[in-house]
>>> print(open('query-v2.cif').read())   # mmCIF, C-alpha atoms and all ligand atoms
data_my_file
#
loop_
_atom_site.group_PDB
_atom_site.id
_atom_site.type_symbol
_atom_site.label_atom_id
_atom_site.label_comp_id
_atom_site.auth_asym_id
_atom_site.auth_seq_id
_atom_site.Cartn_x
_atom_site.Cartn_y
_atom_site.Cartn_z
ATOM 1 C CA MET J 1 0.000 0.000 0.000
ATOM 2 C CA VAL J 2 1.099 3.574 -0.605
ATOM 3 C CA GLN J 3 2.710 5.167 2.466
ATOM 4 C CA GLY J 4 4.082 8.655 1.823
ATOM 5 C CA THR J 5 6.460 8.169 -1.094
ATOM 6 C CA GLU J 6 6.931 4.428 -0.607
ATOM 7 C CA TYR J 7 5.653 1.958 -3.164
ATOM 8 C CA ASP J 8 5.578 -1.801 -3.307
ATOM 9 C CA ALA J 9 7.283 -1.596 -6.697
ATOM 10 C CA VAL J 10 9.015 1.020 -8.825
ATOM 11 C CA VAL J 11 9.137 0.256 -12.540
ATOM 12 C CA VAL J 12 11.494 2.278 -14.728
ATOM 13 C CA GLY J 13 10.348 2.612 -18.339
ATOM 14 C CA SER J 14 6.883 2.388 -19.867
ATOM 15 C CA GLY J 15 7.616 0.213 -22.885
ATOM 16 C CA PRO J 16 5.481 -2.921 -23.352
ATOM 17 C CA ASN J 17 7.484 -4.806 -20.713
ATOM 18 C CA GLY J 18 7.366 -2.030 -18.125
ATOM 19 C CA LEU J 19 3.652 -1.470 -18.700
ATOM 20 C CA SER J 20 2.885 -5.211 -18.528
ATOM 21 C CA ALA J 21 4.883 -5.578 -15.318
ATOM 22 C CA SER J 22 3.226 -2.519 -13.753
ATOM 23 C CA ILE J 23 -0.288 -3.649 -14.634
ATOM 24 C CA THR J 24 0.390 -7.202 -13.411
ATOM 25 C CA LEU J 25 1.701 -5.889 -10.093
ATOM 26 C CA ALA J 26 -1.184 -3.415 -9.734
ATOM 27 C CA LYS J 27 -3.742 -6.153 -10.475
ATOM 28 C CA ALA J 28 -2.117 -8.222 -7.716
ATOM 29 C CA GLY J 29 -2.826 -5.360 -5.293
ATOM 30 C CA CYS J 30 0.612 -3.734 -5.200
ATOM 31 C CA SER J 31 1.107 0.007 -5.325
ATOM 32 C CA VAL J 32 3.287 0.798 -8.323
ATOM 33 C CA LEU J 33 5.231 3.860 -9.401
ATOM 34 C CA LEU J 34 5.941 3.788 -13.128
ATOM 35 C CA LEU J 35 8.640 6.218 -14.246
ATOM 36 C CA GLU J 36 9.007 7.298 -17.862
ATOM 37 C CA GLY J 37 11.735 9.597 -19.128
ATOM 38 C CA LYS J 38 10.037 10.541 -22.409
ATOM 39 C CA GLU J 39 6.955 12.724 -22.826
ATOM 40 C CA THR J 40 4.705 9.825 -23.804
ATOM 41 C CA ILE J 41 4.428 6.228 -22.662
ATOM 42 C CA GLY J 42 4.858 3.164 -24.846
ATOM 43 C CA GLY J 43 8.625 2.901 -25.394
ATOM 44 C CA GLY J 44 9.396 1.047 -28.606
ATOM 45 C CA THR J 45 5.711 0.626 -29.439
ATOM 46 C CA ARG J 46 4.883 4.350 -29.555
ATOM 47 C CA THR J 47 3.224 5.873 -32.623
ATOM 48 C CA MET J 48 3.808 9.538 -33.362
ATOM 49 C CA GLU J 49 3.469 12.244 -36.001
ATOM 50 C CA LEU J 50 7.100 12.169 -37.102
ATOM 51 C CA THR J 51 6.724 13.833 -40.495
ATOM 52 C CA LEU J 52 3.580 15.714 -41.511
ATOM 53 C CA PRO J 53 0.552 16.471 -39.319
ATOM 54 C CA GLY J 54 -1.905 13.585 -39.369
ATOM 55 C CA PHE J 55 0.656 11.038 -40.606
ATOM 56 C CA MET J 56 1.279 8.549 -37.816
ATOM 57 C CA HIS J 57 4.515 6.564 -37.793
ATOM 58 C CA ASP J 58 5.918 3.722 -35.757
ATOM 59 C CA VAL J 59 8.688 5.248 -33.692
ATOM 60 C CA CYS J 60 10.416 1.901 -33.368
ATOM 61 C CA SER J 61 8.716 -1.497 -33.632
ATOM 62 C CA ALA J 62 6.186 -1.990 -36.397
ATOM 63 C CA ILE J 63 5.383 -5.679 -36.754
ATOM 64 C CA HIS J 64 4.192 -7.817 -33.869
ATOM 65 C CA PRO J 65 3.714 -11.326 -35.198
ATOM 66 C CA ILE J 66 2.917 -12.989 -31.894
ATOM 67 C CA GLY J 67 1.516 -9.973 -30.062
ATOM 68 C CA SER J 68 -2.015 -11.330 -30.330
ATOM 69 C CA ALA J 69 -0.850 -14.538 -28.620
ATOM 70 C CA SER J 70 0.717 -12.774 -25.653
ATOM 71 C CA PRO J 71 -0.911 -14.050 -22.431
ATOM 72 C CA VAL J 72 -0.521 -10.609 -20.829
ATOM 73 C CA PHE J 73 -2.004 -8.723 -23.780
ATOM 74 C CA LYS J 74 -4.858 -11.232 -23.951
ATOM 75 C CA SER J 75 -5.665 -10.729 -20.283
ATOM 76 C CA LEU J 76 -5.997 -6.959 -20.790
ATOM 77 C CA ASN J 77 -8.766 -7.027 -23.427
ATOM 78 C CA LEU J 78 -6.884 -4.399 -25.396
ATOM 79 C CA THR J 79 -9.363 -4.545 -28.276
ATOM 80 C CA ASN J 80 -11.909 -2.966 -25.904
ATOM 81 C CA HIS J 81 -9.504 -0.047 -25.630
ATOM 82 C CA GLY J 82 -9.200 0.464 -29.376
ATOM 83 C CA LEU J 83 -6.412 -1.945 -30.335
ATOM 84 C CA GLU J 84 -6.843 -3.535 -33.742
ATOM 85 C CA TRP J 85 -4.416 -6.206 -34.979
ATOM 86 C CA VAL J 86 -3.994 -5.640 -38.708
ATOM 87 C CA HIS J 87 -3.079 -8.762 -40.653
ATOM 88 C CA SER J 88 -1.484 -8.563 -44.067
ATOM 89 C CA PRO J 89 -2.641 -11.104 -46.700
ATOM 90 C CA ALA J 90 1.022 -12.099 -47.067
ATOM 91 C CA ALA J 91 2.948 -11.692 -43.831
ATOM 92 C CA LEU J 92 6.348 -11.439 -45.508
ATOM 93 C CA ALA J 93 8.140 -11.908 -48.802
ATOM 94 C CA HIS J 94 11.597 -13.183 -49.619
ATOM 95 C CA PRO J 95 12.918 -11.936 -52.983
ATOM 96 C CA LEU J 96 15.097 -14.324 -54.975
ATOM 97 C CA ASP J 97 17.928 -13.566 -57.411
ATOM 98 C CA ASP J 98 15.863 -14.540 -60.453
ATOM 99 C CA GLY J 99 13.311 -11.789 -59.770
ATOM 100 C CA THR J 100 10.677 -14.053 -58.240
ATOM 101 C CA ALA J 101 9.740 -14.060 -54.578
ATOM 102 C CA ILE J 102 8.440 -16.488 -51.993
ATOM 103 C CA THR J 103 5.602 -15.129 -49.884
ATOM 104 C CA LEU J 104 4.442 -16.291 -46.491
ATOM 105 C CA GLU J 105 0.698 -16.608 -47.042
ATOM 106 C CA ARG J 106 -1.965 -17.005 -44.387
ATOM 107 C CA SER J 107 -2.359 -20.726 -45.051
ATOM 108 C CA ILE J 108 0.285 -23.432 -44.983
ATOM 109 C CA SER J 109 -0.898 -24.939 -48.255
ATOM 110 C CA ASP J 110 -0.854 -21.589 -50.096
ATOM 111 C CA THR J 111 2.675 -20.897 -48.865
ATOM 112 C CA ALA J 112 3.783 -24.418 -49.763
ATOM 113 C CA LYS J 113 2.572 -23.948 -53.356
ATOM 114 C CA SER J 114 5.412 -21.536 -54.024
ATOM 115 C CA LEU J 115 8.097 -23.728 -52.468
ATOM 116 C CA GLY J 116 8.447 -26.275 -55.274
ATOM 117 C CA ILE J 117 10.182 -29.491 -54.221
ATOM 118 C CA ASP J 118 10.406 -28.225 -50.636
ATOM 119 C CA SER J 119 6.645 -27.865 -50.222
ATOM 120 C CA GLY J 120 6.242 -31.313 -48.602
ATOM 121 C CA SER J 121 8.960 -30.605 -46.014
ATOM 122 C CA TYR J 122 7.403 -27.233 -45.237
ATOM 123 C CA ILE J 123 3.962 -28.771 -44.669
ATOM 124 C CA LYS J 124 5.466 -31.513 -42.481
ATOM 125 C CA LEU J 125 7.322 -28.947 -40.391
ATOM 126 C CA MET J 126 4.552 -26.374 -40.012
ATOM 127 C CA ASN J 127 1.380 -28.479 -39.694
ATOM 128 C CA PRO J 128 2.081 -29.742 -36.151
ATOM 129 C CA LEU J 129 2.790 -26.189 -34.999
ATOM 130 C CA VAL J 130 -0.501 -24.906 -36.384
ATOM 131 C CA GLN J 131 -2.488 -27.903 -35.138
ATOM 132 C CA ASN J 132 -0.999 -27.520 -31.666
ATOM 133 C CA TRP J 133 -1.076 -23.741 -31.588
ATOM 134 C CA GLU J 134 -3.695 -23.441 -28.844
ATOM 135 C CA LYS J 135 -1.688 -25.853 -26.725
ATOM 136 C CA LEU J 136 1.506 -23.894 -27.292
ATOM 137 C CA VAL J 137 -0.180 -20.631 -26.437
ATOM 138 C CA ASN J 138 -2.120 -21.746 -23.380
ATOM 139 C CA GLU J 139 0.419 -24.360 -22.309
ATOM 140 C CA GLY J 140 -2.177 -27.093 -22.732
ATOM 141 C CA VAL J 141 -4.643 -25.556 -20.261
ATOM 142 C CA ARG J 142 -8.228 -25.091 -21.430
ATOM 143 C CA ASN J 143 -10.738 -22.821 -19.759
ATOM 144 C CA TYR J 144 -13.290 -25.621 -19.577
ATOM 145 C CA ASN J 145 -13.269 -29.173 -18.287
ATOM 146 C CA SER J 146 -15.709 -30.884 -20.613
ATOM 147 C CA CYS J 147 -16.688 -30.799 -24.248
ATOM 148 C CA PHE J 148 -20.056 -29.317 -25.196
ATOM 149 C CA GLY J 149 -19.292 -29.484 -28.910
ATOM 150 C CA VAL J 150 -21.915 -32.112 -29.553
ATOM 151 C CA PRO J 151 -24.823 -31.834 -30.094
ATOM 152 C CA PHE J 152 -24.089 -28.387 -31.583
ATOM 153 C CA LEU J 153 -21.548 -29.594 -34.116
ATOM 154 C CA ILE J 154 -20.866 -32.925 -35.729
ATOM 155 C CA TYR J 155 -18.165 -33.967 -38.146
ATOM 156 C CA THR J 156 -18.613 -36.225 -41.127
ATOM 157 C CA SER J 157 -15.848 -38.116 -42.838
ATOM 158 C CA GLY J 158 -15.672 -38.380 -46.615
ATOM 159 C CA ASP J 159 -17.408 -41.775 -46.539
ATOM 160 C CA GLY J 160 -20.465 -40.464 -44.672
ATOM 161 C CA LYS J 161 -19.496 -41.579 -41.171
ATOM 162 C CA VAL J 162 -20.657 -39.172 -38.457
ATOM 163 C CA PHE J 163 -18.486 -38.363 -35.443
ATOM 164 C CA PRO J 164 -18.726 -35.876 -32.589
ATOM 165 C CA CYS J 165 -15.321 -34.451 -33.472
ATOM 166 C CA GLY J 166 -12.643 -34.929 -36.121
ATOM 167 C CA MET J 167 -10.305 -36.156 -33.402
ATOM 168 C CA PHE J 168 -12.103 -39.498 -33.395
ATOM 169 C CA PHE J 169 -11.441 -40.305 -37.063
ATOM 170 C CA ASP J 170 -8.677 -42.634 -35.861
ATOM 171 C CA HIS J 171 -8.359 -45.884 -33.938
ATOM 172 C CA ARG J 172 -11.247 -44.715 -31.736
ATOM 173 C CA SER J 173 -13.662 -44.509 -34.667
ATOM 174 C CA ASP J 174 -15.581 -47.651 -33.641
ATOM 175 C CA GLU J 175 -16.091 -46.305 -30.144
ATOM 176 C CA PHE J 176 -17.159 -42.818 -31.224
ATOM 177 C CA LEU J 177 -19.015 -43.513 -34.477
ATOM 178 C CA MET J 178 -22.482 -41.917 -34.248
ATOM 179 C CA GLY J 179 -23.975 -43.084 -37.499
ATOM 180 C CA ASP J 180 -23.585 -43.447 -41.246
ATOM 181 C CA LEU J 181 -25.166 -40.975 -43.661
ATOM 182 C CA LEU J 182 -25.025 -43.536 -46.479
ATOM 183 C CA THR J 183 -27.591 -45.683 -44.725
ATOM 184 C CA GLN J 184 -29.331 -43.290 -42.304
ATOM 185 C CA SER J 185 -30.801 -39.808 -42.455
ATOM 186 C CA LEU J 186 -29.380 -37.176 -40.108
ATOM 187 C CA LYS J 187 -32.704 -37.204 -38.239
ATOM 188 C CA GLU J 188 -32.440 -40.974 -37.698
ATOM 189 C CA ILE J 189 -28.886 -40.591 -36.429
ATOM 190 C CA TYR J 190 -29.871 -37.739 -34.123
ATOM 191 C CA GLU J 191 -32.758 -39.765 -32.690
ATOM 192 C CA SER J 192 -30.749 -42.948 -32.192
ATOM 193 C CA ASP J 193 -29.572 -44.231 -28.791
ATOM 194 C CA ARG J 194 -26.132 -44.631 -30.301
ATOM 195 C CA TYR J 195 -25.906 -40.884 -30.957
ATOM 196 C CA TRP J 196 -26.731 -39.963 -27.369
ATOM 197 C CA ASP J 197 -24.440 -42.685 -25.961
ATOM 198 C CA VAL J 198 -21.564 -41.091 -27.842
ATOM 199 C CA VAL J 199 -22.585 -37.584 -26.730
ATOM 200 C CA LYS J 200 -22.424 -38.841 -23.127
ATOM 201 C CA ARG J 201 -19.062 -40.510 -23.734
ATOM 202 C CA VAL J 202 -17.636 -37.281 -25.155
ATOM 203 C CA SER J 203 -18.905 -35.283 -22.182
ATOM 204 C CA GLU J 204 -16.902 -37.609 -19.911
ATOM 205 C CA ILE J 205 -13.514 -37.356 -21.605
ATOM 206 C CA ASP J 206 -10.702 -35.393 -20.013
ATOM 207 C CA VAL J 207 -10.382 -32.535 -22.481
ATOM 208 C CA HIS J 208 -7.071 -31.467 -20.952
ATOM 209 C CA LYS J 209 -5.422 -34.794 -21.736
ATOM 210 C CA VAL J 210 -7.333 -36.397 -24.568
ATOM 211 C CA CYS J 211 -8.244 -33.585 -26.930
ATOM 212 C CA TYR J 212 -6.651 -31.883 -29.861
ATOM 213 C CA SER J 213 -5.063 -28.641 -29.035
ATOM 214 C CA ASN J 214 -6.331 -26.780 -32.078
ATOM 215 C CA CYS J 215 -9.959 -27.640 -31.456
ATOM 216 C CA ARG J 216 -12.490 -25.870 -33.649
ATOM 217 C CA THR J 217 -15.147 -26.224 -30.989
ATOM 218 C CA ASN J 218 -12.983 -24.453 -28.452
ATOM 219 C CA SER J 219 -14.949 -21.200 -28.497
ATOM 220 C CA ILE J 220 -18.322 -22.973 -28.134
ATOM 221 C CA ASN J 221 -16.987 -24.965 -25.191
ATOM 222 C CA ASP J 222 -15.451 -21.894 -23.635
ATOM 223 C CA PHE J 223 -18.678 -19.888 -23.978
ATOM 224 C CA LEU J 224 -20.934 -22.657 -22.612
ATOM 225 C CA TRP J 225 -18.587 -23.445 -19.741
ATOM 226 C CA LYS J 226 -18.656 -19.806 -18.621
ATOM 227 C CA PHE J 227 -22.435 -19.743 -19.129
ATOM 228 C CA ARG J 228 -22.907 -22.770 -16.885
ATOM 229 C CA ASN J 229 -20.182 -21.867 -14.411
ATOM 230 C CA LYS J 230 -20.743 -18.200 -13.825
ATOM 231 C CA PRO J 231 -17.995 -16.359 -11.965
ATOM 232 C CA LYS J 232 -19.046 -15.426 -8.415
ATOM 233 C CA HIS J 233 -18.198 -11.780 -8.906
ATOM 234 C CA VAL J 234 -17.377 -9.634 -11.921
ATOM 235 C CA ASN J 235 -15.573 -6.319 -11.720
ATOM 236 C CA PHE J 236 -17.025 -3.881 -14.213
ATOM 237 C CA ILE J 237 -14.578 -1.073 -13.549
HETATM 238 C C1 LIG R 301 14.546 -0.066 -34.627
HETATM 239 C C2 LIG R 301 13.805 -1.151 -33.887
HETATM 240 C C3 LIG R 301 12.780 -1.811 -34.528
HETATM 241 C C4 LIG R 301 12.076 -2.816 -33.855
HETATM 242 N N1 LIG R 301 11.058 -3.434 -34.499
HETATM 243 C C5 LIG R 301 10.345 -4.374 -33.864
HETATM 244 C C6 LIG R 301 9.232 -4.968 -34.507
HETATM 245 O O1 LIG R 301 8.884 -4.642 -35.645
HETATM 246 N N2 LIG R 301 8.539 -5.916 -33.817
HETATM 247 C C7 LIG R 301 8.870 -6.275 -32.535
HETATM 248 O O2 LIG R 301 8.190 -7.128 -31.962
HETATM 249 N N3 LIG R 301 9.916 -5.693 -31.900
HETATM 250 C C8 LIG R 301 10.655 -4.759 -32.528
HETATM 251 N N4 LIG R 301 11.697 -4.163 -31.876
HETATM 252 C C9 LIG R 301 11.968 -4.559 -30.493
HETATM 253 C C10 LIG R 301 10.951 -3.899 -29.537
HETATM 254 O O3 LIG R 301 10.861 -2.524 -29.811
HETATM 255 C C11 LIG R 301 11.442 -4.126 -28.098
HETATM 256 O O4 LIG R 301 11.616 -5.525 -27.876
HETATM 257 C C12 LIG R 301 10.443 -3.593 -27.081
HETATM 258 O O5 LIG R 301 10.124 -2.239 -27.311
HETATM 259 C C13 LIG R 301 11.040 -3.773 -25.716
HETATM 260 O O6 LIG R 301 10.121 -3.317 -24.765
HETATM 261 P P1 LIG R 301 10.599 -2.802 -23.360
HETATM 262 O O7 LIG R 301 9.378 -2.447 -22.593
HETATM 263 O O8 LIG R 301 11.531 -3.785 -22.744
HETATM 264 O O9 LIG R 301 11.524 -1.519 -23.656
HETATM 265 P P2 LIG R 301 11.251 -0.227 -24.520
HETATM 266 O O10 LIG R 301 10.091 -0.381 -25.427
HETATM 267 O O11 LIG R 301 12.568 0.138 -25.102
HETATM 268 O O12 LIG R 301 10.844 0.850 -23.435
HETATM 269 C C14 LIG R 301 11.772 1.352 -22.512
HETATM 270 C C15 LIG R 301 11.179 2.634 -21.937
HETATM 271 O O13 LIG R 301 11.952 3.004 -20.830
HETATM 272 C C16 LIG R 301 12.197 4.411 -20.867
HETATM 273 N N5 LIG R 301 13.422 4.634 -20.113
HETATM 274 C C17 LIG R 301 14.642 4.127 -20.348
HETATM 275 N N6 LIG R 301 15.491 4.509 -19.383
HETATM 276 C C18 LIG R 301 14.793 5.281 -18.500
HETATM 277 C C19 LIG R 301 15.109 5.962 -17.313
HETATM 278 N N7 LIG R 301 16.337 5.913 -16.794
HETATM 279 N N8 LIG R 301 14.137 6.644 -16.694
HETATM 280 C C20 LIG R 301 12.882 6.680 -17.188
HETATM 281 N N9 LIG R 301 12.523 6.041 -18.339
HETATM 282 C C21 LIG R 301 13.461 5.354 -18.972
HETATM 283 C C22 LIG R 301 12.286 4.707 -22.350
HETATM 284 O O14 LIG R 301 12.016 6.078 -22.617
HETATM 285 C C23 LIG R 301 11.202 3.787 -22.917
HETATM 286 O O15 LIG R 301 9.924 4.409 -22.947
HETATM 287 C C24 LIG R 301 12.411 -3.165 -32.520
HETATM 288 C C25 LIG R 301 13.459 -2.494 -31.882
HETATM 289 C C26 LIG R 301 14.151 -1.499 -32.552
HETATM 290 C C27 LIG R 301 15.246 -0.777 -31.831
HETATM 291 S S1 LIG R 302 -11.127 -31.847 -29.377
HETATM 292 FE FE1 LIG R 302 -12.632 -30.254 -28.939
HETATM 293 S S2 LIG R 302 -14.526 -30.886 -29.996
HETATM 294 FE FE2 LIG R 302 -13.150 -32.649 -29.882
HETATM 295 S S3 LIG R 302 -13.849 -33.718 -28.043
HETATM 296 FE FE3 LIG R 302 -12.123 -32.377 -27.447
HETATM 297 S S4 LIG R 302 -13.066 -30.472 -26.753
HETATM 298 FE FE4 LIG R 302 -14.615 -31.646 -27.903
#
>>> encode(input="query-v2.cif", output="structure tokens")
Amino acid sequence: MVQGTEYDAVVVGSGPNGLSASITLAKAGCSVLLLEGKETIGGGTRTMELTLPGFMHDVCSAIHPIGSASPVFKSLNLTNHGLEWVHSPAALAHPLDDGTAITLERSISDTAKSLGIDSGSYIKLMNPLVQNWEKLVNEGVRNYNSCFGVPFLIYTSGDGKVFPCGMFFDHRSDEFLMGDLLTQSLKEIYESDRYWDVVKRVSEIDVHKVCYSNCRTNSINDFLWKFRNKPKHVNFI
């Protein structure tokens, strides 16, 4: 607590690290004095009119490829304060001597198309990172403990088999098969005991251990978990 000029913490510099540290300490109940030598806060992330009036420039850093994945930034709901992450269709380009260029597109397959004989290696290298991105970002921790994906979403394989989730298109397919669209209508599948047995089985799996990391149903599960498990108290200010 503040006593005279004493603080629990003094942070020197209001760049992204100093600001993050100050906010984290303040949220934990510490009194914080943040000192900044320049006229404005932000350090290397400041934007200023450096040339003509109305023309805003990055003073230092300009491109923040994993800023949107930062756990601290995420916890601050910066979009509510006006932050907009702008994504380029091609994140970067590498010019080659022959006048062509390789571009990093927003999909692995589109990028791979320009890589010629190396496309297969690129896909093999990058796919696991993309598929496991959520796990990398949240260190494997989900905000919910059970899957509510079914009965809101189902997945069908190319041969008409219906599953609660694409994750079960593997050795577990017998256990998690809900029906077959080649021989049944969707209504018949939905009304079958088998369907609801599988829904129950999915609701009992340990999503923290069993599930994909890059789960498309993540946001549905997250929303419904919070809906069913309301926080005891919400601070609005
Ligand atoms: C030219 C350049 C381009 C860059 N481009 C990118 C990019 O595109 N993408 C990217 O992710 N990163 C980029 N970076 C790196 C990025 O800017 C830094 O990693 C980031 O700003 C570091 O944050 P910070 O909070 O540690 O320090 P800083 O952002 O440097 O902030 C330090 C703050 O401390 C203040 N300060 C220093 N000493 C004192 C003092 N004694 N008293 C009071 N205040 C003090 C400074 O005025 C400043 O506001 C770039 C860096 C440079 C130099
Ligand atoms: S991966 Fe996602 S959709 Fe599939 S069972 Fe787990 S939580 Fe549900």
>>> atom_distance(input="query-v2.cif", atom1="CA of Ser173 in chain J", atom2="CA of Asn221 in chain J")
22.0 Å
>>> residues_near_ligand(input="query-v2.cif", ligand="ligand LIG 301 (chain R)", cutoff="9 Å", atoms="all atoms listed in the file", output="MDAnalysis selection string")
chainID J and resid 11:20 34:46 58:67
>>> residues_around(input="query-v2.cif", residues="Asn127 in chain J", least_positions_apart="5", cutoff="10 Å", atoms="all atoms listed in the file", output="VMD selection string")
chain J and resid 108 to 109 122 132 to 133
>>> residues_near_ligand(input="query-v2.cif", ligand="ligand LIG 302 (chain R)", cutoff="12 Å", atoms="only C-alpha atoms and all ligand atoms", output="MDAnalysis selection string")
chainID J and resid 131:132 134:135 141:155 163:169 172 176 198:222 224:225
>>> closest_residue(input="query-v2.cif", among="J:Leu177, J:Val10, J:Ala90, J:Val162", to="Leu25 in chain J", atoms="all atoms listed in the file")
J:Val10
